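*Asks:* Contents of coords08.pdb (PDB, C-alpha atoms):
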ATOM      1  CA  MET H   9      88.377 -70.780 175.962
ATOM      2  CA  GLU H  10      87.365 -70.870 179.633
ATOM      3  CA  PHE H  11      86.869 -67.790 181.764
ATOM      4  CA  ARG H  12      90.017 -66.419 183.413
ATOM      5  CA  HIS H  13      90.519 -64.121 186.361
ATOM      6  CA  GLU H  14      91.276 -60.557 185.290
ATOM      7  CA  VAL H  15      92.345 -57.710 187.597
ATOM      8  CA  LYS H  16      93.331 -54.215 186.483
ATOM      9  CA  HIS H  17      95.139 -51.449 188.334
ATOM     10  CA  GLU H  18      95.433 -47.887 187.085
ATOM     11  CA  ILE H  19      99.018 -46.805 187.716
ATOM     12  CA  SER H  20     101.137 -43.765 186.955
ATOM     13  CA  PRO H  21     103.844 -43.494 184.286
ATOM     14  CA  GLN H  22     106.350 -43.326 187.157
ATOM     15  CA  ASP H  23     105.272 -46.809 188.313
ATOM     16  CA  VAL H  24     106.093 -48.469 185.002
ATOM     17  CA  PRO H  25     109.943 -48.635 185.223
ATOM     18  CA  ALA H  26     109.885 -50.213 188.687
ATOM     19  CA  LEU H  27     107.255 -52.768 187.674
ATOM     20  CA  ARG H  28     109.117 -53.554 184.476
ATOM     21  CA  GLN H  29     112.296 -54.274 186.418
ATOM     22  CA  ARG H  30     110.501 -56.536 188.896
ATOM     23  CA  LEU H  31     108.629 -58.476 186.241
ATOM     24  CA  ARG H  32     111.693 -59.001 184.056
ATOM     25  CA  ALA H  33     113.546 -60.507 187.005
ATOM     26  CA  VAL H  34     111.018 -63.315 187.479
ATOM     27  CA  MET H  35     108.721 -63.635 184.464
ATOM     28  CA  ALA H  36     109.431 -64.372 180.820
ATOM     29  CA  PRO H  37     108.603 -61.857 178.082
ATOM     30  CA  ASP H  38     105.563 -62.741 176.033
ATOM     31  CA  SER H  39     106.548 -64.539 172.824
ATOM     32  CA  HIS H  40     104.660 -61.911 170.820
ATOM     33  CA  ALA H  41     106.964 -59.200 172.160
ATOM     34  CA  PRO H  42     110.507 -60.207 171.156
ATOM     35  CA  GLU H  43     111.654 -56.617 171.612
ATOM     36  CA  GLY H  44     109.861 -56.244 174.913
ATOM     37  CA  ARG H  45     106.840 -54.294 173.685
ATOM     38  CA  TYR H  46     104.440 -54.002 170.787
ATOM     39  CA  GLN H  47     101.728 -51.726 169.467
ATOM     40  CA  VAL H  48      98.060 -52.669 169.755
ATOM     41  CA  ARG H  49      95.261 -51.192 167.680
ATOM     42  CA  SER H  50      91.623 -52.066 168.319
ATOM     43  CA  LEU H  51      88.485 -50.919 166.538
ATOM     44  CA  TYR H  52      85.520 -51.224 168.895
ATOM     45  CA  PHE H  53      81.901 -51.757 167.894
ATOM     46  CA  ASP H  54      78.725 -50.631 169.641
ATOM     47  CA  ASN H  55      75.084 -50.052 168.740
ATOM     48  CA  LEU H  56      73.243 -46.783 168.244
ATOM     49  CA  GLU H  57      72.335 -46.667 171.937
ATOM     50  CA  ASP H  58      75.957 -47.308 172.995
ATOM     51  CA  LYS H  59      74.922 -50.457 174.839
ATOM     52  CA  ALA H  60      78.453 -51.712 175.528
ATOM     53  CA  LEU H  61      79.572 -48.311 176.775
ATOM     54  CA  ARG H  62      76.554 -47.787 179.017
ATOM     55  CA  GLU H  63      76.799 -51.277 180.528
ATOM     56  CA  LYS H  64      80.445 -50.647 181.367
ATOM     57  CA  LEU H  65      79.736 -47.265 182.962
ATOM     58  CA  ASP H  66      76.769 -48.682 184.881
ATOM     59  CA  GLY H  67      78.837 -51.562 186.261
ATOM     60  CA  VAL H  68      76.800 -54.348 184.662
ATOM     61  CA  LYS H  69      78.473 -57.603 185.714
ATOM     62  CA  VAL H  70      77.609 -59.710 182.650
ATOM     63  CA  ARG H  71      78.434 -57.995 179.381
ATOM     64  CA  GLU H  72      80.291 -58.351 176.095
ATOM     65  CA  LYS H  73      81.946 -56.222 173.464
ATOM     66  CA  TYR H  74      83.293 -56.694 169.958
ATOM     67  CA  ARG H  75      86.455 -55.395 168.379
ATOM     68  CA  ILE H  76      88.885 -55.892 165.529
ATOM     69  CA  ARG H  77      92.477 -56.106 166.711
ATOM     70  CA  LEU H  78      95.901 -56.056 165.059
ATOM     71  CA  TYR H  79      99.436 -55.702 166.335
ATOM     72  CA  ASN H  80     102.295 -53.467 165.188
ATOM     73  CA  HIS H  81     100.043 -52.362 162.300
ATOM     74  CA  ASP H  82     100.737 -55.738 160.680
ATOM     75  CA  PRO H  83      97.851 -56.639 158.324
ATOM     76  CA  SER H  84      98.934 -60.299 158.156
ATOM     77  CA  LEU H  85      97.413 -61.059 161.577
ATOM     78  CA  ILE H  86      94.014 -59.471 162.241
ATOM     79  CA  HIS H  87      91.242 -60.881 164.426
ATOM     80  CA  LEU H  88      87.623 -60.121 165.116
ATOM     81  CA  GLU H  89      87.172 -60.667 168.838
ATOM     82  CA  ARG H  90      84.311 -61.074 171.268
ATOM     83  CA  LYS H  91      85.265 -60.185 174.850
ATOM     84  CA  GLN H  92      82.895 -61.472 177.524
ATOM     85  CA  LYS H  93      82.924 -60.379 181.163
ATOM     86  CA  LEU H  94      81.372 -62.104 184.156
ATOM     87  CA  GLY H  95      82.274 -59.954 187.129
ATOM     88  CA  ALA H  96      86.056 -60.244 187.571
ATOM     89  CA  LEU H  97      86.227 -63.132 185.087
ATOM     90  CA  GLY H  98      86.755 -62.744 181.365
ATOM     91  CA  ARG H  99      87.231 -64.732 178.202
ATOM     92  CA  LYS H 100      87.915 -63.974 174.582
ATOM     93  CA  THR H 101      86.915 -65.761 171.389
ATOM     94  CA  SER H 102      88.205 -64.713 168.006
ATOM     95  CA  VAL H 103      88.251 -65.445 164.287
ATOM     96  CA  PRO H 104      90.920 -64.333 161.814
ATOM     97  CA  LEU H 105      90.147 -61.698 159.200
ATOM     98  CA  THR H 106      91.851 -60.845 155.940
ATOM     99  CA  PRO H 107      92.861 -57.206 155.445
ATOM    100  CA  ARG H 108      90.048 -56.829 152.932
ATOM    101  CA  GLN H 109      87.482 -58.225 155.370
ATOM    102  CA  ALA H 110      88.756 -56.044 158.206
ATOM    103  CA  GLN H 111      88.694 -52.946 156.029
ATOM    104  CA  SER H 112      85.165 -53.729 154.915
ATOM    105  CA  MET H 113      83.986 -54.001 158.516
ATOM    106  CA  ALA H 114      85.836 -50.822 159.447
ATOM    107  CA  GLY H 115      83.857 -49.079 156.717
ATOM    108  CA  GLY H 116      80.591 -50.321 158.230
ATOM    109  CA  SER H 117      79.882 -53.218 155.856
ATOM    110  CA  ILE H 118      79.209 -56.680 157.305
ATOM    111  CA  ASP H 119      76.791 -58.176 154.738
ATOM    112  CA  TRP H 120      79.579 -60.249 153.162
ATOM    113  CA  MET H 121      79.841 -62.230 156.418
ATOM    114  CA  ALA H 122      76.490 -63.918 155.735
ATOM    115  CA  ALA H 123      78.045 -65.893 152.862
ATOM    116  CA  SER H 124      81.080 -67.073 154.832
ATOM    117  CA  PRO H 125      81.665 -70.848 155.049
ATOM    118  CA  ASP H 126      83.266 -70.340 158.465
ATOM    119  CA  PRO H 127      80.746 -71.238 161.230
ATOM    120  CA  ALA H 128      82.586 -69.071 163.756
ATOM    121  CA  LEU H 129      82.436 -66.043 161.476
ATOM    122  CA  LEU H 130      78.746 -66.699 160.823
ATOM    123  CA  GLY H 131      78.180 -66.740 164.566
ATOM    124  CA  PHE H 132      79.874 -63.373 164.868
ATOM    125  CA  TYR H 133      77.770 -62.047 162.007
ATOM    126  CA  ALA H 134      74.552 -63.108 163.738
ATOM    127  CA  ARG H 135      75.569 -61.263 166.904
ATOM    128  CA  LEU H 136      76.670 -58.142 165.064
ATOM    129  CA  ARG H 137      73.428 -58.032 163.083
ATOM    130  CA  GLN H 138      71.233 -58.818 166.096
ATOM    131  CA  GLU H 139      72.827 -56.067 168.184
ATOM    132  CA  GLY H 140      73.004 -53.580 165.323
ATOM    133  CA  LEU H 141      76.700 -53.007 165.975
ATOM    134  CA  ARG H 142      78.745 -50.454 164.070
ATOM    135  CA  PRO H 143      82.374 -49.266 164.300
ATOM    136  CA  LYS H 144      82.760 -46.569 166.951
ATOM    137  CA  VAL H 145      86.334 -45.706 167.904
ATOM    138  CA  LEU H 146      89.964 -46.650 167.350
ATOM    139  CA  VAL H 147      92.111 -47.326 170.407
ATOM    140  CA  ASP H 148      95.922 -47.422 170.142
ATOM    141  CA  TYR H 149      98.392 -48.203 172.900
ATOM    142  CA  THR H 150     101.783 -49.700 173.692
ATOM    143  CA  ARG H 151     101.887 -53.014 175.567
ATOM    144  CA  GLU H 152     104.597 -54.864 177.477
ATOM    145  CA  ALA H 153     103.640 -58.434 178.371
ATOM    146  CA  PHE H 154     105.109 -61.050 180.711
ATOM    147  CA  VAL H 155     104.137 -64.680 181.349
ATOM    148  CA  PHE H 156     104.574 -67.119 184.222
ATOM    149  CA  ALA H 157     103.767 -70.809 183.672
ATOM    150  CA  PRO H 158     102.367 -71.720 187.119
ATOM    151  CA  GLY H 159      98.769 -70.544 187.083
ATOM    152  CA  ASN H 160      99.093 -69.606 183.404
ATOM    153  CA  VAL H 161      99.662 -66.011 184.480
ATOM    154  CA  ARG H 162      99.981 -63.093 182.067
ATOM    155  CA  VAL H 163     100.844 -59.588 183.240
ATOM    156  CA  THR H 164     100.638 -56.602 180.906
ATOM    157  CA  LEU H 165     101.648 -52.968 181.147
ATOM    158  CA  ASP H 166      99.651 -50.732 178.788
ATOM    159  CA  TYR H 167     100.461 -47.072 178.217
ATOM    160  CA  HIS H 168     100.515 -44.289 175.600
ATOM    161  CA  ILE H 169      96.766 -44.827 175.137
ATOM    162  CA  ARG H 170      95.430 -42.852 172.189
ATOM    163  CA  THR H 171      92.025 -42.486 170.572
ATOM    164  CA  GLY H 172      90.792 -41.790 167.059
ATOM    165  CA  LEU H 173      87.444 -41.562 165.305
ATOM    166  CA  HIS H 174      88.598 -42.485 161.793
ATOM    167  CA  SER H 175      87.472 -46.105 161.910
ATOM    168  CA  ALA H 176      87.708 -46.529 158.140
ATOM    169  CA  ARG H 177      91.473 -46.005 158.459
ATOM    170  CA  LEU H 178      91.932 -49.041 160.688
ATOM    171  CA  LEU H 179      94.814 -50.368 158.596
ATOM    172  CA  ASP H 180      96.514 -47.010 158.102
ATOM    173  CA  PRO H 181      99.478 -46.738 160.519
ATOM    174  CA  HIS H 182      99.460 -42.971 159.953
ATOM    175  CA  CYS H 183      95.834 -42.492 160.968
ATOM    176  CA  PRO H 184      95.756 -39.549 163.409
ATOM    177  CA  THR H 185      95.049 -40.388 167.042
ATOM    178  CA  VAL H 186      95.343 -38.235 170.164
ATOM    179  CA  PRO H 187      96.384 -39.097 173.743
ATOM    180  CA  ILE H 188      93.571 -39.437 176.241
ATOM    181  CA  PRO H 189      93.764 -36.937 179.143
ATOM    182  CA  GLY H 190      95.664 -37.948 182.232
ATOM    183  CA  SER H 191      98.080 -40.295 180.463
ATOM    184  CA  PRO H 192      96.879 -43.333 182.451
ATOM    185  CA  CYS H 193      98.852 -46.559 182.489
ATOM    186  CA  ILE H 194      97.182 -49.896 183.128
ATOM    187  CA  LEU H 195      98.587 -52.933 184.912
ATOM    188  CA  GLU H 196      96.531 -56.037 184.169
ATOM    189  CA  VAL H 197      96.967 -59.491 185.674
ATOM    190  CA  LYS H 198      95.255 -62.587 184.237
ATOM    191  CA  TRP H 199      95.382 -66.130 185.561
ATOM    192  CA  ASP H 200      93.494 -69.427 185.550
ATOM    193  CA  ALA H 201      92.773 -71.301 188.801
ATOM    194  CA  PHE H 202      95.319 -69.632 191.077
ATOM    195  CA  LEU H 203      97.641 -66.642 191.241
ATOM    196  CA  PRO H 204     101.062 -67.577 192.674
ATOM    197  CA  ASP H 205     102.100 -65.535 195.723
ATOM    198  CA  LEU H 206     105.353 -64.657 193.954
ATOM    199  CA  VAL H 207     103.485 -62.857 191.174
ATOM    200  CA  ARG H 208     100.998 -61.314 193.599
ATOM    201  CA  ASP H 209     103.909 -59.779 195.501
ATOM    202  CA  LEU H 210     105.561 -58.550 192.290
ATOM    203  CA  VAL H 211     102.597 -56.454 191.227
ATOM    204  CA  GLN H 212     101.814 -54.923 194.609
ATOM    205  CA  LEU H 213     102.062 -51.126 194.690
ATOM    206  CA  ASP H 214     101.355 -48.975 197.738
ATOM    207  CA  GLY H 215      98.087 -47.093 197.423
ATOM    208  CA  ARG H 216      97.006 -48.869 194.231
ATOM    209  CA  HIS H 217      93.725 -50.750 194.149
ATOM    210  CA  SER H 218      92.014 -52.821 191.493
ATOM    211  CA  CYS H 219      89.767 -50.831 189.197
ATOM    212  CA  ALA H 220      87.369 -51.330 186.331
ATOM    213  CA  PHE H 221      89.298 -49.246 183.809
ATOM    214  CA  SER H 222      88.167 -49.684 180.209
ATOM    215  CA  LYS H 223      90.241 -48.325 177.332
ATOM    216  CA  TYR H 224      87.118 -48.368 175.182
ATOM    217  CA  ALA H 225      85.118 -46.320 177.689
ATOM    218  CA  ALA H 226      88.028 -43.930 178.325
ATOM    219  CA  CYS H 227      88.444 -43.279 174.614
ATOM    220  CA  ARG H 228      84.705 -42.848 174.030
ATOM    221  CA  MET H 229      84.560 -40.113 176.651
ATOM    222  CA  PHE H 230      86.319 -37.799 174.236
ATOM    223  CA  ASP H 231      84.589 -38.555 170.924
TER     224      ASP H 231
END
Can you present the structure in this file as structure tokens?
*Replies:*
Amino acid sequence: MEFRHEVKHEISPQDVPALRQRLRAVMAPDSHAPEGRYQVRSLYFDNLEDKALREKLDGVKVREKYRIRLYNHDPSLIHLERKQKLGALGRKTSVPLTPRQAQSMAGGSIDWMAASPDPALLGFYARLRQEGLRPKVLVDYTREAFVFAPGNVRVTLDYHIRTGLHSARLLDPHCPTVPIPGSPCILEVKWDAFLPDLVRDLVQLDGRHSCAFSKYAACRMFD
């Protein structure tokens, strides 16, 4: 997958209804959200020196992070993902995991990956081993997503962000998590070569500016 433009805005809970109404009037709901929203759970990995966290806080332009992600606590669709950032550009590569594989990684075991016949999974294993990555924190949130074909635009509204330290309970929908302070909401816009003016106008909010908000970093601040 090629790099895509990615811009985030931290917004207030009061901004969400107005944005939702605007986006629904012009953009189509994401096919993964037939009811308009879905739950996201990610388990993030980092090394003993918290390299990914420190690079984010220090504003390093070229960086990457690894996570396991599932939606609506559904164990039938789990992915191990590598998210790469190059300034305001980003791309994601992923490989599917079985529930057993995901649970093993959540418990800190990755040795089984060395015997995988999947070249992509072996590539992930090499990076995890080289970096000395281990599970760090669970991040839960609710997402509403909208798409617009011209420019291959995707707009998401993320809120109810919660954090938890019980990484081994990745697949447990009842794993305790707590809201992060401030109850931030995140508007994110992604596109390929161009962002249509129509969408640009839709997401404009007075007094809101792009930011480098990271759910991983925000949740790690309270572990």
*Asks:* Find the residues near Phe221 (chain H): any atom within 9 Å, counting all atoms listed in the file, skip ones fewer than 6 places away on the same chain, and give them as JSON, numbers by chain.
*Replies:* {"H": [16, 17, 18, 194]}
*Asks:* Restrict the selected residues to C-alpha atoms and save them as an mmCIF file, in the frame of the given file.
*Replies:*
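The resulting file, out19.cif, is shown below:
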data_model
loop_
_atom_site.group_PDB
_atom_site.id
_atom_site.type_symbol
_atom_site.label_atom_id
_atom_site.label_comp_id
_atom_site.auth_asym_id
_atom_site.auth_seq_id
_atom_site.Cartn_x
_atom_site.Cartn_y
_atom_site.Cartn_z
ATOM 1 C CA LYS H 16 93.331 -54.215 186.483
ATOM 2 C CA HIS H 17 95.139 -51.449 188.334
ATOM 3 C CA GLU H 18 95.433 -47.887 187.085
ATOM 4 C CA ILE H 194 97.182 -49.896 183.128
#
*Asks:* Hey, which of H:Arg12, H:Arg49, H:Lys93, H:Arg151 ends up closest to Arg77 (chain H)? Count all atoms listed in the file.
*Replies:*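 Closest candidate: H:Arg49.
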*Asks:* Just how far from CA of Tyr74 (chain H) is CA of Gln111 (chain H), in Å to one decimal?
*Replies:* 15.4 Å
*Asks:* To one decimal place in Å, what is the distance between CA of Leu178 (chain H) and CA of Met121 (chain H)?
*Replies:*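 Between CA of Leu178 (chain H) and CA of Met121 (chain H) the gap is 18.4 Å.
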*Asks:* Here is a test: counting only C-alpha atoms, which residue of H:Leu165, H:Val34, H:Ala26, H:Ala123 is nearest to Arg208 (chain H)?
*Replies:*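 Ranking H:Leu165, H:Val34, H:Ala26, H:Ala123 by distance to Arg208 (chain H), first place goes to H:Val34.
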*Asks:* Once the PyMOL selection byres ((chain H and resi 86) around 8) has been evaluated on this model, what residues remain selected, and can you format them as a ChimeraX atom specification?
*Replies:* /H:76-79,82-85,87-88,104-107,110
*Asks:* Grab the CA of Val103 (chain H) to CA of Phe53 (chain H) distance for me, in Å with one decimal place.
*Replies:*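 One can read the CA of Val103 (chain H) to CA of Phe53 (chain H) distance as 15.5 Å.
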*Asks:* Could you give me, as JSON, numbers by chain, the residues within 9 Å of Ala176 (chain H), counting only C-alpha atoms and dropping anything in the same chain fewer than 2 positions from it?
*Replies:* {"H": [111, 112, 113, 114, 115, 116, 143, 173, 174, 178, 179, 180]}
*Asks:* For region 194-208 of chain H, I'd like the enclosing box, axis-aligned and padded by 8 Å on every side, reported as JSON with centre and edge lengths in Å to one decimal.
*Replies:*
{"center_x": 99.1, "center_y": -60.6, "center_z": 189.4, "size_x": 28.6, "size_y": 37.4, "size_z": 28.6}
*Asks:* Which residues would end up in the selection if the PyMOL selection byres ((chain H and resi 67-73) around 8) were applied here, given that I need the answer as a list in words?
*Replies:*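 With the PyMOL selection byres ((chain H and resi 67-73) around 8) on this model, the match is Tyr52, Phe53, Asp54, Ala60, Glu63, Lys64, Leu65, Asp66, Tyr74, Arg75, Arg90, Lys91, Gln92, Lys93, Leu94 and Gly95 of chain H.
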*Asks:* Could you check the closest approach to Thr164 (chain H) for each of H:Leu195, H:Leu130, H:Val211, H:Leu141 and tell me which residue wins, using only C-alpha atoms?
*Replies:*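 Result for the nearest residue to Thr164 (chain H): H:Leu195.
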*Asks:* Please provide as a ChimeraX atom specification all residues within 7 Å of Ala96 (chain H), with the sequence filter that same-chain residues fewer than 6 positions apart are discarded (counting only C-alpha atoms).
*Replies:* /H:13-15
*Asks:* In the coordinate frame of the file, compute which residues have an atom within 10 Å of (77.7, -63.1, 168.0) when using only C-alpha atoms, and state them as a list of chain:residue names.
*Replies:* H:Glu72, H:Lys73, H:Tyr74, H:Glu89, H:Arg90, H:Ala128, H:Leu129, H:Leu130, H:Gly131, H:Phe132, H:Tyr133, H:Ala134, H:Arg135, H:Leu136, H:Arg137, H:Gln138, H:Glu139
*Asks:* Step by step: start from the point (108.8, -57.9, 174.8) in the file's coordinates, keep every protein, DNA or RNA residue that has an atom no farther than 12 Å from it, count only C-alpha atoms, and write the set as a list in words.
*Replies:*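 Protein, DNA and RNA residues close to (108.8, -57.9, 174.8): Arg28, Leu31, Arg32, Met35, Ala36, Pro37, Asp38, Ser39, His40, Ala41, Pro42, Glu43, Gly44, Arg45, Tyr46, Gln47, Thr150, Arg151, Glu152, Ala153, Phe154, Val155, Val163, Thr164 and Leu165 of chain H.
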*Asks:* Which residues are close to Asp214 (chain H), i.e. within 12 Å by all atoms listed in the file, leaving aside same-chain residues fewer than 5 positions away? Reply as an MDAnalysis selection string.
*Replies:* chainID H and resid 17 19:20 23 209
*Asks:* Just to be explicit: take each residue in the selection above, keep C-alpha atoms, and write the result as a compact mmCIF listing (two decimals), keeping the file's coordinate frame.
*Replies:*
# COMPACT_ATOMS: atom_id res chain seq x y z
CA HIS H 17 95.14 -51.45 188.33
CA ILE H 19 99.02 -46.80 187.72
CA SER H 20 101.14 -43.76 186.96
CA ASP H 23 105.27 -46.81 188.31
CA ASP H 209 103.91 -59.78 195.50
*Asks:* Using all atoms listed in the file for the distances, tell me which of H:Ile169, H:Leu210, H:Ala157, H:Ala201 is nearest to Ile188 (chain H).
*Replies:*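 Nearest candidate to Ile188 (chain H) out of H:Ile169, H:Leu210, H:Ala157, H:Ala201: H:Ile169.
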*Asks:* I need the residue nearest Val147 (chain H) from this list: H:Arg228, H:Arg62, H:Arg30, H:Arg108. Use all atoms listed in the file for the distance.
*Replies:*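 For Val147 (chain H), the nearest of the candidates is H:Arg228.
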*Asks:* Between H:Leu206, H:Gly140, H:Leu146, H:Ala220, which has the minimum distance to Val186 (chain H) (counting all atoms listed in the file)?
*Replies:*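 The answer is H:Leu146, which sits nearest to Val186 (chain H).
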*Asks:* What would the selection look like, as a PyMOL selection string, if the PyMOL selection byres ((chain H and resi 168) around 8) were run on the coordinates I just shared?
*Replies:* chain H and resi 148-150+166-167+169-170+187+191-193
*Asks:* Restore N, CA, C and O atoms in region 48-65 of chain H and list the result as a compact mmCIF listing (two decimals), in the frame of the given file.
*Replies:*
# COMPACT_ATOMS: atom_id res chain seq x y z
N VAL H 48 99.38 -52.06 169.91
CA VAL H 48 98.06 -52.67 169.76
C VAL H 48 97.11 -51.63 169.18
O VAL H 48 97.10 -50.48 169.63
N ARG H 49 96.35 -52.04 168.18
CA ARG H 49 95.26 -51.19 167.68
C ARG H 49 93.97 -52.00 167.69
O ARG H 49 93.93 -53.13 167.20
N SER H 50 92.93 -51.43 168.27
CA SER H 50 91.62 -52.07 168.32
C SER H 50 90.58 -51.11 167.76
O SER H 50 90.62 -49.91 168.04
N LEU H 51 89.66 -51.66 166.99
CA LEU H 51 88.48 -50.92 166.54
C LEU H 51 87.28 -51.52 167.25
O LEU H 51 86.97 -52.70 167.05
N TYR H 52 86.64 -50.73 168.10
CA TYR H 52 85.52 -51.22 168.90
C TYR H 52 84.19 -50.94 168.21
O TYR H 52 84.02 -49.93 167.52
N PHE H 53 83.24 -51.86 168.45
CA PHE H 53 81.90 -51.76 167.89
C PHE H 53 80.90 -51.54 169.02
O PHE H 53 81.08 -52.02 170.14
N ASP H 54 79.82 -50.82 168.70
CA ASP H 54 78.72 -50.63 169.64
C ASP H 54 77.48 -50.34 168.83
O ASP H 54 77.55 -50.11 167.61
N ASN H 55 76.31 -50.34 169.49
CA ASN H 55 75.08 -50.05 168.74
C ASN H 55 74.73 -48.57 168.85
O ASN H 55 75.46 -47.78 169.46
N LEU H 56 73.62 -48.20 168.27
CA LEU H 56 73.24 -46.78 168.24
C LEU H 56 72.99 -46.22 169.63
O LEU H 56 73.13 -45.02 169.87
N GLU H 57 72.59 -47.10 170.57
CA GLU H 57 72.33 -46.67 171.94
C GLU H 57 73.58 -46.78 172.82
O GLU H 57 73.51 -46.59 174.03
N ASP H 58 74.71 -47.13 172.23
CA ASP H 58 75.96 -47.31 173.00
C ASP H 58 75.78 -48.30 174.14
O ASP H 58 76.17 -48.05 175.29
N LYS H 59 75.22 -49.45 173.82
CA LYS H 59 74.92 -50.46 174.84
C LYS H 59 76.18 -50.90 175.60
O LYS H 59 76.19 -50.96 176.83
N ALA H 60 77.24 -51.23 174.87
CA ALA H 60 78.45 -51.71 175.53
C ALA H 60 79.05 -50.64 176.43
O ALA H 60 79.51 -50.93 177.55
N LEU H 61 79.04 -49.40 175.97
CA LEU H 61 79.57 -48.31 176.78
C LEU H 61 78.74 -48.09 178.03
O LEU H 61 79.28 -47.96 179.14
N ARG H 62 77.43 -48.05 177.87
CA ARG H 62 76.55 -47.79 179.02
C ARG H 62 76.63 -48.92 180.05
O ARG H 62 76.62 -48.67 181.26
N GLU H 63 76.70 -50.16 179.59
CA GLU H 63 76.80 -51.28 180.53
C GLU H 63 78.10 -51.20 181.32
O GLU H 63 78.13 -51.51 182.52
N LYS H 64 79.17 -50.79 180.66
CA LYS H 64 80.44 -50.65 181.37
C LYS H 64 80.36 -49.55 182.42
O LYS H 64 80.75 -49.74 183.58
N LEU H 65 79.83 -48.39 182.03
CA LEU H 65 79.74 -47.26 182.96
C LEU H 65 78.78 -47.55 184.11
O LEU H 65 78.97 -47.06 185.22
